[in-house]
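Next up, target31.txt (compact mmCIF, C-alpha atoms and all ligand atoms):
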# COMPACT_ATOMS: atom_id res chain seq x y z
CA MET S 1 19.38 34.07 71.25
CA SER S 2 21.02 37.48 70.93
CA GLU S 3 19.62 40.94 70.34
CA ARG S 4 18.73 41.69 66.70
CA SER S 5 18.61 45.11 65.15
CA PHE S 6 17.82 46.32 61.64
CA THR S 7 16.79 49.41 59.69
CA ILE S 8 14.04 49.46 57.06
CA SER S 9 14.03 52.31 54.57
CA VAL S 10 11.19 52.94 52.08
CA PRO S 11 11.05 55.80 49.55
CA ALA S 12 8.15 58.11 48.71
CA THR S 13 6.47 57.57 45.36
CA SER S 14 4.65 59.58 42.76
CA ALA S 15 2.05 57.53 40.89
CA ASN S 16 0.40 58.05 37.47
CA ILE S 17 2.85 60.66 36.01
CA GLY S 18 -0.08 61.99 34.01
CA PRO S 19 -1.58 59.29 31.75
CA GLY S 20 -0.48 56.18 33.69
CA PHE S 21 -3.36 56.04 36.17
CA ASP S 22 -2.91 52.99 38.47
CA VAL S 23 -0.05 51.80 36.21
CA VAL S 24 3.20 53.74 36.66
CA GLY S 25 5.09 54.98 39.71
CA LEU S 26 8.34 56.76 40.46
CA SER S 27 10.32 56.36 43.70
CA LEU S 28 11.53 59.67 45.12
CA SER S 29 14.12 60.83 47.65
CA LEU S 30 11.97 61.21 50.79
CA TYR S 31 12.05 58.28 53.19
CA LEU S 32 10.07 56.39 55.77
CA THR S 33 12.67 54.80 58.07
CA LEU S 34 12.11 52.19 60.79
CA LYS S 35 14.84 51.36 63.29
CA VAL S 36 13.92 48.05 64.88
CA THR S 37 15.43 46.24 67.86
CA ILE S 38 14.35 42.83 69.16
CA THR S 39 15.62 41.92 72.60
CA PRO S 40 15.46 38.25 73.60
CA PRO S 41 12.92 37.54 76.35
CA THR S 42 14.16 36.85 79.85
CA GLN S 43 12.32 35.49 82.85
CA SER S 44 12.02 38.98 84.28
CA THR S 45 10.75 40.66 81.07
CA PRO S 46 7.16 39.63 80.47
CA PRO S 47 6.03 39.58 76.81
CA ARG S 48 4.80 42.95 75.61
CA PRO S 49 3.51 44.27 72.27
CA PRO S 50 5.97 46.32 70.21
CA VAL S 51 6.83 49.74 71.58
CA LEU S 52 6.44 52.31 68.82
CA THR S 53 7.97 55.77 68.81
CA TYR S 54 7.58 58.17 65.90
CA THR S 55 9.08 61.41 64.64
CA GLY S 56 8.55 63.47 61.49
CA GLU S 57 5.57 63.77 59.17
CA GLY S 58 2.31 62.53 60.71
CA ALA S 59 3.75 62.35 64.23
CA ASP S 60 0.76 64.22 65.66
CA GLU S 61 -1.83 61.87 64.15
CA VAL S 62 -0.34 58.40 63.73
CA PRO S 63 -1.46 55.71 66.21
CA LEU S 64 1.37 54.38 68.36
CA ASP S 65 -0.63 51.29 69.35
CA ALA S 66 0.93 48.43 67.35
CA TYR S 67 -2.55 46.91 66.84
CA LYS S 68 -3.86 50.10 65.22
CA ASN S 69 -0.83 51.47 63.36
CA LEU S 70 -0.93 50.70 59.61
CA THR S 71 2.69 49.49 59.38
CA THR S 72 2.57 47.15 62.37
CA ARG S 73 -0.90 45.84 61.41
CA VAL S 74 0.48 44.88 57.99
CA ALA S 75 3.45 43.19 59.72
CA LEU S 76 1.06 41.22 61.95
CA TYR S 77 -0.96 40.20 58.89
CA LEU S 78 2.19 38.65 57.38
CA LEU S 79 3.06 36.90 60.63
CA ARG S 80 -0.47 35.48 61.01
CA CYS S 81 -0.41 34.23 57.42
CA HIS S 82 2.68 32.22 58.45
CA ASP S 83 1.15 30.72 61.59
CA ILE S 84 2.84 33.20 63.88
CA PRO S 85 -0.09 34.55 65.89
CA LYS S 86 1.62 37.51 67.57
CA PHE S 87 4.58 39.88 67.49
CA PRO S 88 7.82 38.56 68.98
CA THR S 89 8.39 39.82 72.50
CA ASN S 90 10.35 42.99 73.24
CA VAL S 91 10.29 44.62 69.84
CA SER S 92 11.08 48.35 69.79
CA ILE S 93 10.43 50.35 66.62
CA HIS S 94 11.41 53.95 66.04
CA VAL S 95 9.78 55.43 62.95
CA ASP S 96 11.09 58.57 61.29
CA ASN S 97 8.99 59.79 58.39
CA GLU S 98 9.75 62.40 55.72
CA ILE S 99 6.70 61.60 53.53
CA PRO S 100 3.75 63.93 54.15
CA PHE S 101 0.38 62.27 54.69
CA GLY S 102 -2.45 62.51 52.17
CA ARG S 103 -0.56 64.59 49.60
CA GLY S 104 -0.13 62.13 46.72
CA LEU S 105 3.43 61.13 47.59
CA GLY S 106 2.65 57.55 48.52
CA SER S 107 2.76 57.76 52.32
CA SER S 108 0.31 54.89 52.74
CA GLY S 109 2.06 52.77 50.10
CA ALA S 110 5.35 53.33 51.96
CA ALA S 111 3.72 52.41 55.29
CA VAL S 112 2.38 49.19 53.73
CA ILE S 113 5.75 48.24 52.22
CA ALA S 114 7.46 49.01 55.54
CA GLY S 115 4.93 46.69 57.22
CA VAL S 116 5.53 43.87 54.75
CA LEU S 117 9.32 44.16 55.21
CA LEU S 118 8.89 44.38 58.99
CA GLY S 119 6.74 41.23 59.12
CA ASN S 120 9.24 39.41 56.91
CA GLU S 121 12.09 40.31 59.29
CA LEU S 122 10.23 39.77 62.57
CA GLY S 123 9.10 36.32 61.49
CA GLN S 124 12.43 35.58 59.73
CA LEU S 125 10.28 34.46 56.80
CA ASN S 126 12.80 35.12 53.99
CA LEU S 127 10.03 35.72 51.48
CA PRO S 128 11.09 36.62 47.92
CA GLN S 129 10.29 40.12 46.66
CA THR S 130 7.44 38.86 44.44
CA ARG S 131 5.70 37.35 47.47
CA LEU S 132 6.21 40.54 49.48
CA LEU S 133 4.46 42.38 46.65
CA ASP S 134 1.52 39.95 46.84
CA PHE S 135 1.03 40.81 50.50
CA ALA S 136 1.29 44.55 49.83
CA LEU S 137 -1.31 44.23 47.05
CA MET S 138 -3.79 42.59 49.42
CA VAL S 139 -3.71 45.85 51.39
CA GLU S 140 -3.10 48.63 48.83
CA ARG S 141 -4.89 47.39 45.75
CA HIS S 142 -3.53 49.64 43.05
CA PRO S 143 0.02 48.49 42.23
CA ASP S 144 1.64 51.77 41.14
CA ASN S 145 2.82 53.14 44.52
CA VAL S 146 3.69 49.91 46.32
CA THR S 147 5.62 48.44 43.39
CA ALA S 148 7.73 51.58 42.91
CA ALA S 149 8.30 51.85 46.68
CA LEU S 150 9.46 48.24 46.89
CA VAL S 151 11.60 47.89 43.76
CA GLY S 152 12.53 51.53 43.06
CA GLY S 153 12.90 53.64 39.93
CA PHE S 154 10.34 54.39 37.22
CA VAL S 155 8.15 51.32 37.15
CA GLY S 156 5.09 50.06 35.27
CA SER S 157 2.98 47.29 36.74
CA TYR S 158 -0.16 45.27 36.21
CA LEU S 159 -2.22 42.88 38.29
CA ARG S 160 -2.44 39.36 36.89
CA GLU S 161 -5.91 38.20 35.89
CA LEU S 162 -6.84 35.75 38.61
CA ASP S 163 -9.01 32.65 38.38
CA GLN S 164 -12.32 32.55 40.25
CA ALA S 165 -10.90 31.21 43.53
CA ALA S 166 -7.94 33.57 43.52
CA THR S 167 -10.20 36.52 42.63
CA GLU S 168 -12.32 35.76 45.65
CA ALA S 169 -9.22 35.44 47.83
CA ALA S 170 -7.95 38.81 46.62
CA SER S 171 -11.32 40.54 47.00
CA VAL S 172 -11.82 40.07 50.72
CA PRO S 173 -12.69 43.27 52.53
CA LEU S 174 -9.71 45.16 53.92
CA SER S 175 -11.20 44.82 57.39
CA GLU S 176 -10.53 41.07 57.17
CA VAL S 177 -7.01 41.50 55.81
CA LEU S 178 -6.20 44.12 58.42
CA PRO S 179 -8.63 43.83 61.32
CA GLU S 180 -8.36 46.47 64.04
CA TYR S 181 -6.80 44.02 66.46
CA PRO S 182 -8.11 44.42 70.00
CA PRO S 183 -4.95 44.61 72.15
CA ASP S 184 -6.48 42.43 74.85
CA ALA S 185 -7.47 39.60 72.48
CA GLY S 186 -4.26 37.66 73.14
CA GLU S 187 -3.68 35.22 70.32
CA ASP S 188 -7.34 34.65 69.58
CA TRP S 189 -7.90 36.65 66.39
CA GLY S 190 -10.75 34.47 65.18
CA LEU S 191 -10.76 33.86 61.42
CA ASP S 192 -7.67 32.59 59.58
CA PRO S 193 -6.23 35.55 57.68
CA PRO S 194 -6.97 35.55 53.93
CA GLN S 195 -3.80 34.39 52.12
CA PRO S 196 -2.81 36.37 49.02
CA PRO S 197 -2.95 34.44 45.74
CA LEU S 198 0.52 33.77 44.30
CA GLY S 199 2.02 36.22 41.79
CA ILE S 200 -0.62 38.99 41.78
CA GLY S 201 1.64 41.83 40.70
CA HIS S 202 4.04 42.01 37.73
CA TYR S 203 6.26 44.93 36.83
CA VAL S 204 8.94 46.27 34.53
CA ARG S 205 11.42 49.05 35.28
CA PHE S 206 11.77 51.69 32.57
CA GLY S 207 14.89 53.72 31.91
CA TRP S 208 15.21 57.16 33.50
CA SER S 209 17.31 60.04 32.22
CA LYS S 210 19.80 61.04 34.91
CA SER S 211 19.29 64.72 34.06
CA ILE S 212 15.63 64.74 35.20
CA ARG S 213 14.65 65.96 38.69
CA ALA S 214 11.16 65.98 40.17
CA VAL S 215 9.87 69.21 41.68
CA ALA S 216 7.14 68.35 44.19
CA ILE S 217 4.86 71.33 44.86
CA ILE S 218 3.00 70.28 47.99
CA PRO S 219 -0.18 72.15 49.03
CA ARG S 220 -0.64 72.50 52.78
CA PHE S 221 -3.80 70.42 52.90
CA GLU S 222 -4.48 66.71 52.94
CA LEU S 223 -6.61 64.85 50.41
CA SER S 224 -7.16 61.18 51.13
CA THR S 225 -6.63 58.87 48.18
CA ALA S 226 -10.00 57.25 48.93
CA THR S 227 -11.78 60.62 48.51
CA ALA S 228 -9.85 61.39 45.32
CA ARG S 229 -10.87 58.01 43.87
CA GLU S 230 -14.55 58.48 44.70
CA VAL S 231 -14.86 61.36 42.20
CA LEU S 232 -13.69 59.19 39.27
CA PRO S 233 -16.19 57.72 36.81
CA LEU S 234 -16.55 53.97 36.41
CA GLU S 235 -16.55 54.14 32.61
CA TYR S 236 -14.61 56.16 30.03
CA SER S 237 -15.05 56.96 26.37
CA ARG S 238 -12.84 55.26 23.78
CA LYS S 239 -11.54 58.71 22.82
CA ASP S 240 -10.25 59.41 26.33
CA LEU S 241 -8.74 55.93 26.75
CA VAL S 242 -6.91 56.21 23.43
CA PHE S 243 -5.72 59.71 24.40
CA ASN S 244 -4.07 58.28 27.55
CA LEU S 245 -2.73 55.10 25.96
CA GLN S 246 -1.02 57.04 23.18
CA ARG S 247 0.66 59.34 25.66
CA LEU S 248 1.68 56.63 28.12
CA ALA S 249 3.31 54.55 25.38
CA VAL S 250 5.44 57.54 24.37
CA LEU S 251 6.16 58.73 27.92
CA THR S 252 7.72 55.51 29.23
CA THR S 253 10.50 55.72 26.65
CA ALA S 254 10.70 59.51 26.34
CA LEU S 255 11.73 59.89 30.00
CA ALA S 256 14.77 57.68 29.37
CA GLN S 257 16.11 59.59 26.36
CA GLU S 258 19.22 61.80 26.57
CA PRO S 259 18.63 64.66 26.32
CA PRO S 260 14.93 64.45 27.21
CA ASP S 261 12.67 66.22 24.70
CA PRO S 262 10.33 68.75 26.39
CA GLU S 263 8.05 69.01 23.37
CA LEU S 264 7.40 65.26 23.40
CA ILE S 265 7.17 64.89 27.18
CA TYR S 266 4.94 67.88 27.98
CA GLU S 267 2.19 66.53 25.73
CA ALA S 268 2.83 62.92 26.84
CA MET S 269 2.20 63.85 30.49
CA LYS S 270 -1.36 65.01 29.78
CA ASP S 271 -4.25 62.94 31.10
CA ARG S 272 -8.00 62.55 30.62
CA ILE S 273 -8.67 59.68 33.02
CA HIS S 274 -8.25 61.17 36.50
CA GLN S 275 -6.95 64.76 36.59
CA PRO S 276 -10.02 66.43 35.00
CA TYR S 277 -12.25 64.85 37.66
CA ARG S 278 -9.95 65.72 40.56
CA LYS S 279 -9.78 69.44 39.76
CA THR S 280 -12.90 69.96 41.91
CA LEU S 281 -10.87 68.79 44.93
CA ILE S 282 -7.69 70.72 44.08
CA PRO S 283 -8.30 74.41 43.34
CA GLY S 284 -5.58 75.68 41.01
CA LEU S 285 -4.79 72.29 39.40
CA PRO S 286 -5.88 73.19 35.83
CA GLU S 287 -4.21 76.60 36.04
CA VAL S 288 -0.86 75.25 37.29
CA THR S 289 -0.72 72.48 34.69
CA SER S 290 -1.68 74.78 31.79
CA ARG S 291 0.18 78.01 32.67
CA ILE S 292 3.55 76.41 33.46
CA THR S 293 4.89 75.11 30.16
CA PRO S 294 8.32 74.46 28.56
CA GLU S 295 7.89 77.76 26.64
CA THR S 296 7.28 79.86 29.76
CA HIS S 297 9.67 77.83 31.96
CA PRO S 298 12.86 76.64 30.23
CA GLY S 299 13.99 73.37 31.76
CA LEU S 300 10.45 72.10 32.33
CA LEU S 301 9.63 68.77 30.67
CA GLY S 302 6.12 68.07 31.88
CA ILE S 303 3.73 68.70 34.76
CA CYS S 304 0.98 66.61 36.33
CA LEU S 305 -0.83 65.68 39.51
CA SER S 306 1.28 63.48 41.79
CA GLY S 307 -0.72 60.35 42.64
CA ALA S 308 -4.19 61.28 43.79
CA GLY S 309 -2.98 64.79 44.69
CA PRO S 310 -2.96 67.48 45.86
CA THR S 311 0.81 67.62 45.14
CA ILE S 312 1.86 68.73 41.67
CA LEU S 313 4.84 66.98 40.10
CA ALA S 314 6.96 68.92 37.62
CA LEU S 315 9.69 66.97 35.81
CA ALA S 316 12.54 69.25 34.79
CA THR S 317 16.20 69.45 33.94
CA ASP S 318 16.63 73.05 35.12
CA GLY S 319 14.71 76.12 36.33
CA TYR S 320 13.36 74.30 39.41
CA GLU S 321 12.92 77.39 41.58
CA LYS S 322 11.03 79.42 38.96
CA ILE S 323 8.70 76.48 38.26
CA ALA S 324 7.97 76.02 41.97
CA GLU S 325 7.62 79.73 42.83
CA ASP S 326 5.30 80.38 39.88
CA ALA S 327 3.18 77.38 40.90
CA ARG S 328 3.15 78.80 44.44
CA ALA S 329 1.85 82.14 43.09
CA ILE S 330 -0.95 80.42 41.14
CA PHE S 331 -2.00 78.38 44.19
CA ARG S 332 -1.89 81.54 46.32
CA GLU S 333 -4.45 83.15 43.97
CA LYS S 334 -6.75 80.30 45.11
CA GLY S 335 -5.90 80.85 48.78
CA ILE S 336 -3.64 77.79 49.02
CA GLU S 337 -0.13 77.81 50.51
CA VAL S 338 2.44 75.28 49.32
CA ASP S 339 5.86 73.91 50.20
CA TRP S 340 8.15 72.61 47.50
CA LYS S 341 11.10 70.25 47.22
CA VAL S 342 13.42 69.20 44.41
CA LEU S 343 13.64 65.40 44.54
CA THR S 344 15.65 62.77 42.71
CA VAL S 345 14.59 59.34 41.49
CA VAL S 346 16.01 56.73 43.84
CA GLY S 347 16.31 52.97 44.32
CA GLY S 348 13.75 50.90 46.18
CA SER S 349 13.33 49.77 49.77
CA SER S 350 16.14 48.31 51.82
CA VAL S 351 16.59 46.32 55.02
CA LYS S 352 19.99 46.64 56.67
CA LYS S 353 21.10 44.65 59.68
CA THR S 354 22.67 46.92 62.25
CA GLU S 355 25.24 45.98 64.86
CA VAL S 356 24.11 46.07 68.49
N1 LIG U 401 4.11 56.12 58.26
C1 LIG U 401 2.82 55.84 58.45
N2 LIG U 401 2.43 55.16 59.54
C2 LIG U 401 1.15 54.87 59.74
N3 LIG U 401 0.13 55.26 58.93
C3 LIG U 401 0.46 55.94 57.83
C4 LIG U 401 1.81 56.26 57.53
N4 LIG U 401 1.84 56.94 56.38
C5 LIG U 401 0.55 57.04 55.97
N5 LIG U 401 -0.28 56.45 56.84
C6 LIG U 401 -1.76 56.38 56.73
O1 LIG U 401 -2.12 56.59 55.38
C7 LIG U 401 -2.95 57.78 55.28
C8 LIG U 401 -2.67 58.53 54.01
O2 LIG U 401 -2.92 57.65 52.92
P1 LIG U 401 -3.50 58.19 51.55
O3 LIG U 401 -4.83 58.85 51.76
O4 LIG U 401 -3.47 57.02 50.62
O5 LIG U 401 -2.49 59.32 51.08
P2 LIG U 401 -1.02 59.25 50.46
O6 LIG U 401 -1.20 59.92 49.14
O7 LIG U 401 -0.14 60.02 51.36
O8 LIG U 401 -0.64 57.80 50.35
C9 LIG U 401 -2.61 58.58 56.53
O9 LIG U 401 -3.66 59.45 56.87
C10 LIG U 401 -2.38 57.49 57.54
O10 LIG U 401 -3.63 57.01 58.04
N1 LIG U 402 -3.21 55.55 41.09
C1 LIG U 402 -3.59 56.03 42.39
C2 LIG U 402 -2.36 56.56 43.09
C3 LIG U 402 -2.61 57.10 44.47
O1 LIG U 402 -1.37 57.60 44.95
P1 LIG U 402 -1.27 58.37 46.35
O2 LIG U 402 0.18 58.70 46.48
O3 LIG U 402 -2.14 59.56 46.24
O4 LIG U 402 -1.74 57.41 47.40
C4 LIG U 402 -4.64 57.13 42.22
O5 LIG U 402 -4.41 58.01 41.41
O6 LIG U 402 -5.67 57.05 42.91

Exercise: express the given structure as structure tokens:
Amino acid sequence: MSERSFTISVPATSANIGPGFDVVGLSLSLYLTLKVTITPPTQSTPPRPPVLTYTGEGADEVPLDAYKNLTTRVALYLLRCHDIPKFPTNVSIHVDNEIPFGRGLGSSGAAVIAGVLLGNELGQLNLPQTRLLDFALMVERHPDNVTAALVGGFVGSYLRELDQAATEAASVPLSEVLPEYPPDAGEDWGLDPPQPPLGIGHYVRFGWSKSIRAVAIIPRFELSTATAREVLPLEYSRKDLVFNLQRLAVLTTALAQEPPDPELIYEAMKDRIHQPYRKTLIPGLPEVTSRITPETHPGLLGICLSGAGPTILALATDGYEKIAEDARAIFREKGIEVDWKVLTVVGGSSVKKTEV
């Protein structure tokens, strides 16, 4: 057996794009990259868990213990589901991450997809993309980020209605899907891991106008997705649901038209399902989304919360700097500093074998 080496690359994502809560996602040009090397065991190299090194966003907080790190725990979940109880010996993983944590740019979705791809490679499982998505959806249970991160582009997805048995299989607590593996437990993890039902997630890729860029205005504070979901109601009025459905139906096609129509898109990126409830967690959100318009900022198409926030996503064909700097000024009035980046819509995740 010879040394194997490969690179996994997963893009950031922006979910929702206004009205498409838990439905649509967009893959963007910031990357989580894993460089992986597997050295064959020799008599003098005793088995060891993967060695993880990490640079970039989150480097000061991410666990480097392979049994605690989100990406490697997801990889181990895949391996265990295929009767492989532990990591192969002598795996080295260097992670470089450009996706900021807890900002609404899909860092956790990217970490989960990286883990699924890592498990698939480590176990040489050759799983099809649809099955990889099933595993990702057992961990991150809203499909918008993980689907866009895996397949790339502007994507809409839904979860298949499952029968009783499959619903139970897909509803197991996350702690059973991803236990915090004790490093000294050897191969004895106890319970068989819960297998994902087949074909949970389904998606379609929409068109995307090549002239549209995404300006990400990124506040310098973290907001966990879990916290930003806790403030949402469990029920909505028919009026609010119809408001969002009308806009989402228009938006998915409007963003593919050449040239894109700001009048149509600005209104179609409005939302009544999640943003109004999240404004308590993101000072400045209503002001930024209402004061920056296509009339005040030529080139702007529409503006919304990115994922669960706090990042603001402005879609535009021009005028990127003015949009971002004016958003910065509004956030500053609330005592919040931001960074901003102009991003492009990119393809999905890749795994490339590298020569050693
Ligand atoms: N590359 C990574 N490696 C390990 N854990 C990660 C990575 N990226 C994100 N995470 C975990 O996901 C958390 C952020 O997830 P979440 O609250 O959903 O925000 P986001 O909007 O960035 O996805 C981080 O605090 C961290 O625990
Ligand atoms: N639909 C989800 C998307 C969360 O995205 P993230 O990038 O903030 O993790 C939601 O709005 O809760």

Protein and nucleic acid residues within 9 Å of ligand LIG 401 (chain U) (only C-alpha atoms and all ligand atoms) as a PDB file with C-alpha atoms, keeping the file's coordinate frame:
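Final output, selection.pdb:
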ATOM      1  CA  ALA S  12       8.150  58.110  48.710  1.00  0.00           C
ATOM      2  CA  THR S  13       6.470  57.570  45.360  1.00  0.00           C
ATOM      3  CA  SER S  14       4.650  59.580  42.760  1.00  0.00           C
ATOM      4  CA  LEU S  32      10.070  56.390  55.770  1.00  0.00           C
ATOM      5  CA  THR S  33      12.670  54.800  58.070  1.00  0.00           C
ATOM      6  CA  TYR S  54       7.580  58.170  65.900  1.00  0.00           C
ATOM      7  CA  GLU S  57       5.570  63.770  59.170  1.00  0.00           C
ATOM      8  CA  GLY S  58       2.310  62.530  60.710  1.00  0.00           C
ATOM      9  CA  ALA S  59       3.750  62.350  64.230  1.00  0.00           C
ATOM     10  CA  GLU S  61      -1.830  61.870  64.150  1.00  0.00           C
ATOM     11  CA  VAL S  62      -0.340  58.400  63.730  1.00  0.00           C
ATOM     12  CA  PRO S  63      -1.460  55.710  66.210  1.00  0.00           C
ATOM     13  CA  LEU S  64       1.370  54.380  68.360  1.00  0.00           C
ATOM     14  CA  LYS S  68      -3.860  50.100  65.220  1.00  0.00           C
ATOM     15  CA  ASN S  69      -0.830  51.470  63.360  1.00  0.00           C
ATOM     16  CA  LEU S  70      -0.930  50.700  59.610  1.00  0.00           C
ATOM     17  CA  THR S  71       2.690  49.490  59.380  1.00  0.00           C
ATOM     18  CA  THR S  72       2.570  47.150  62.370  1.00  0.00           C
ATOM     19  CA  VAL S  95       9.780  55.430  62.950  1.00  0.00           C
ATOM     20  CA  ASP S  96      11.090  58.570  61.290  1.00  0.00           C
ATOM     21  CA  ASN S  97       8.990  59.790  58.390  1.00  0.00           C
ATOM     22  CA  GLU S  98       9.750  62.400  55.720  1.00  0.00           C
ATOM     23  CA  ILE S  99       6.700  61.600  53.530  1.00  0.00           C
ATOM     24  CA  PRO S 100       3.750  63.930  54.150  1.00  0.00           C
ATOM     25  CA  PHE S 101       0.380  62.270  54.690  1.00  0.00           C
ATOM     26  CA  GLY S 102      -2.450  62.510  52.170  1.00  0.00           C
ATOM     27  CA  ARG S 103      -0.560  64.590  49.600  1.00  0.00           C
ATOM     28  CA  GLY S 104      -0.130  62.130  46.720  1.00  0.00           C
ATOM     29  CA  LEU S 105       3.430  61.130  47.590  1.00  0.00           C
ATOM     30  CA  GLY S 106       2.650  57.550  48.520  1.00  0.00           C
ATOM     31  CA  SER S 107       2.760  57.760  52.320  1.00  0.00           C
ATOM     32  CA  SER S 108       0.310  54.890  52.740  1.00  0.00           C
ATOM     33  CA  GLY S 109       2.060  52.770  50.100  1.00  0.00           C
ATOM     34  CA  ALA S 110       5.350  53.330  51.960  1.00  0.00           C
ATOM     35  CA  ALA S 111       3.720  52.410  55.290  1.00  0.00           C
ATOM     36  CA  VAL S 112       2.380  49.190  53.730  1.00  0.00           C
ATOM     37  CA  ALA S 114       7.460  49.010  55.540  1.00  0.00           C
ATOM     38  CA  GLU S 140      -3.100  48.630  48.830  1.00  0.00           C
ATOM     39  CA  ASN S 145       2.820  53.140  44.520  1.00  0.00           C
ATOM     40  CA  GLU S 222      -4.480  66.710  52.940  1.00  0.00           C
ATOM     41  CA  LEU S 223      -6.610  64.850  50.410  1.00  0.00           C
ATOM     42  CA  SER S 224      -7.160  61.180  51.130  1.00  0.00           C
ATOM     43  CA  THR S 225      -6.630  58.870  48.180  1.00  0.00           C
ATOM     44  CA  ALA S 226     -10.000  57.250  48.930  1.00  0.00           C
ATOM     45  CA  THR S 227     -11.780  60.620  48.510  1.00  0.00           C
ATOM     46  CA  ALA S 228      -9.850  61.390  45.320  1.00  0.00           C
ATOM     47  CA  SER S 306       1.280  63.480  41.790  1.00  0.00           C
ATOM     48  CA  GLY S 307      -0.720  60.350  42.640  1.00  0.00           C
ATOM     49  CA  ALA S 308      -4.190  61.280  43.790  1.00  0.00           C
ATOM     50  CA  GLY S 309      -2.980  64.790  44.690  1.00  0.00           C
ATOM     51  CA  PRO S 310      -2.960  67.480  45.860  1.00  0.00           C
ATOM     52  CA  THR S 311       0.810  67.620  45.140  1.00  0.00           C
TER      53      THR S 311
END

Is it possible to get the residues within 9 Å of (6.6, 41.6, 45.0) (coordinates as in the file, counting only C-alpha atoms) written as a PyMOL selection string? chain S and resi 128-137+146-147+150-151+199-203

Contacts of Ala316 in chain S within 8 Å, all atoms listed in the file, excl. fewer than 3 positions in-chain, as a VMD selection string: chain S and resid 212 to 215 299 to 302 319 to 320

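The shortest atom-to-atom distance to Ser29 in chain S, with only C-alpha atoms taken into account, belongs to S:Val346 out of S:Ala254, S:Val351, S:Leu52, S:Val346.
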
With all atoms listed in the file as the counted atoms, please give the residues lying no more than 9 Å from His142 in chain S, apart from itself and same-chain residues fewer than 6 positions off, as a VMD selection string. chain S and resid 22 to 23 158 to 159

Using all atoms listed in the file, find the one residue out of S:Leu251, S:Ile273, S:Ala66, S:Leu241 that sits nearest to ligand LIG 402 (chain U). S:Ile273
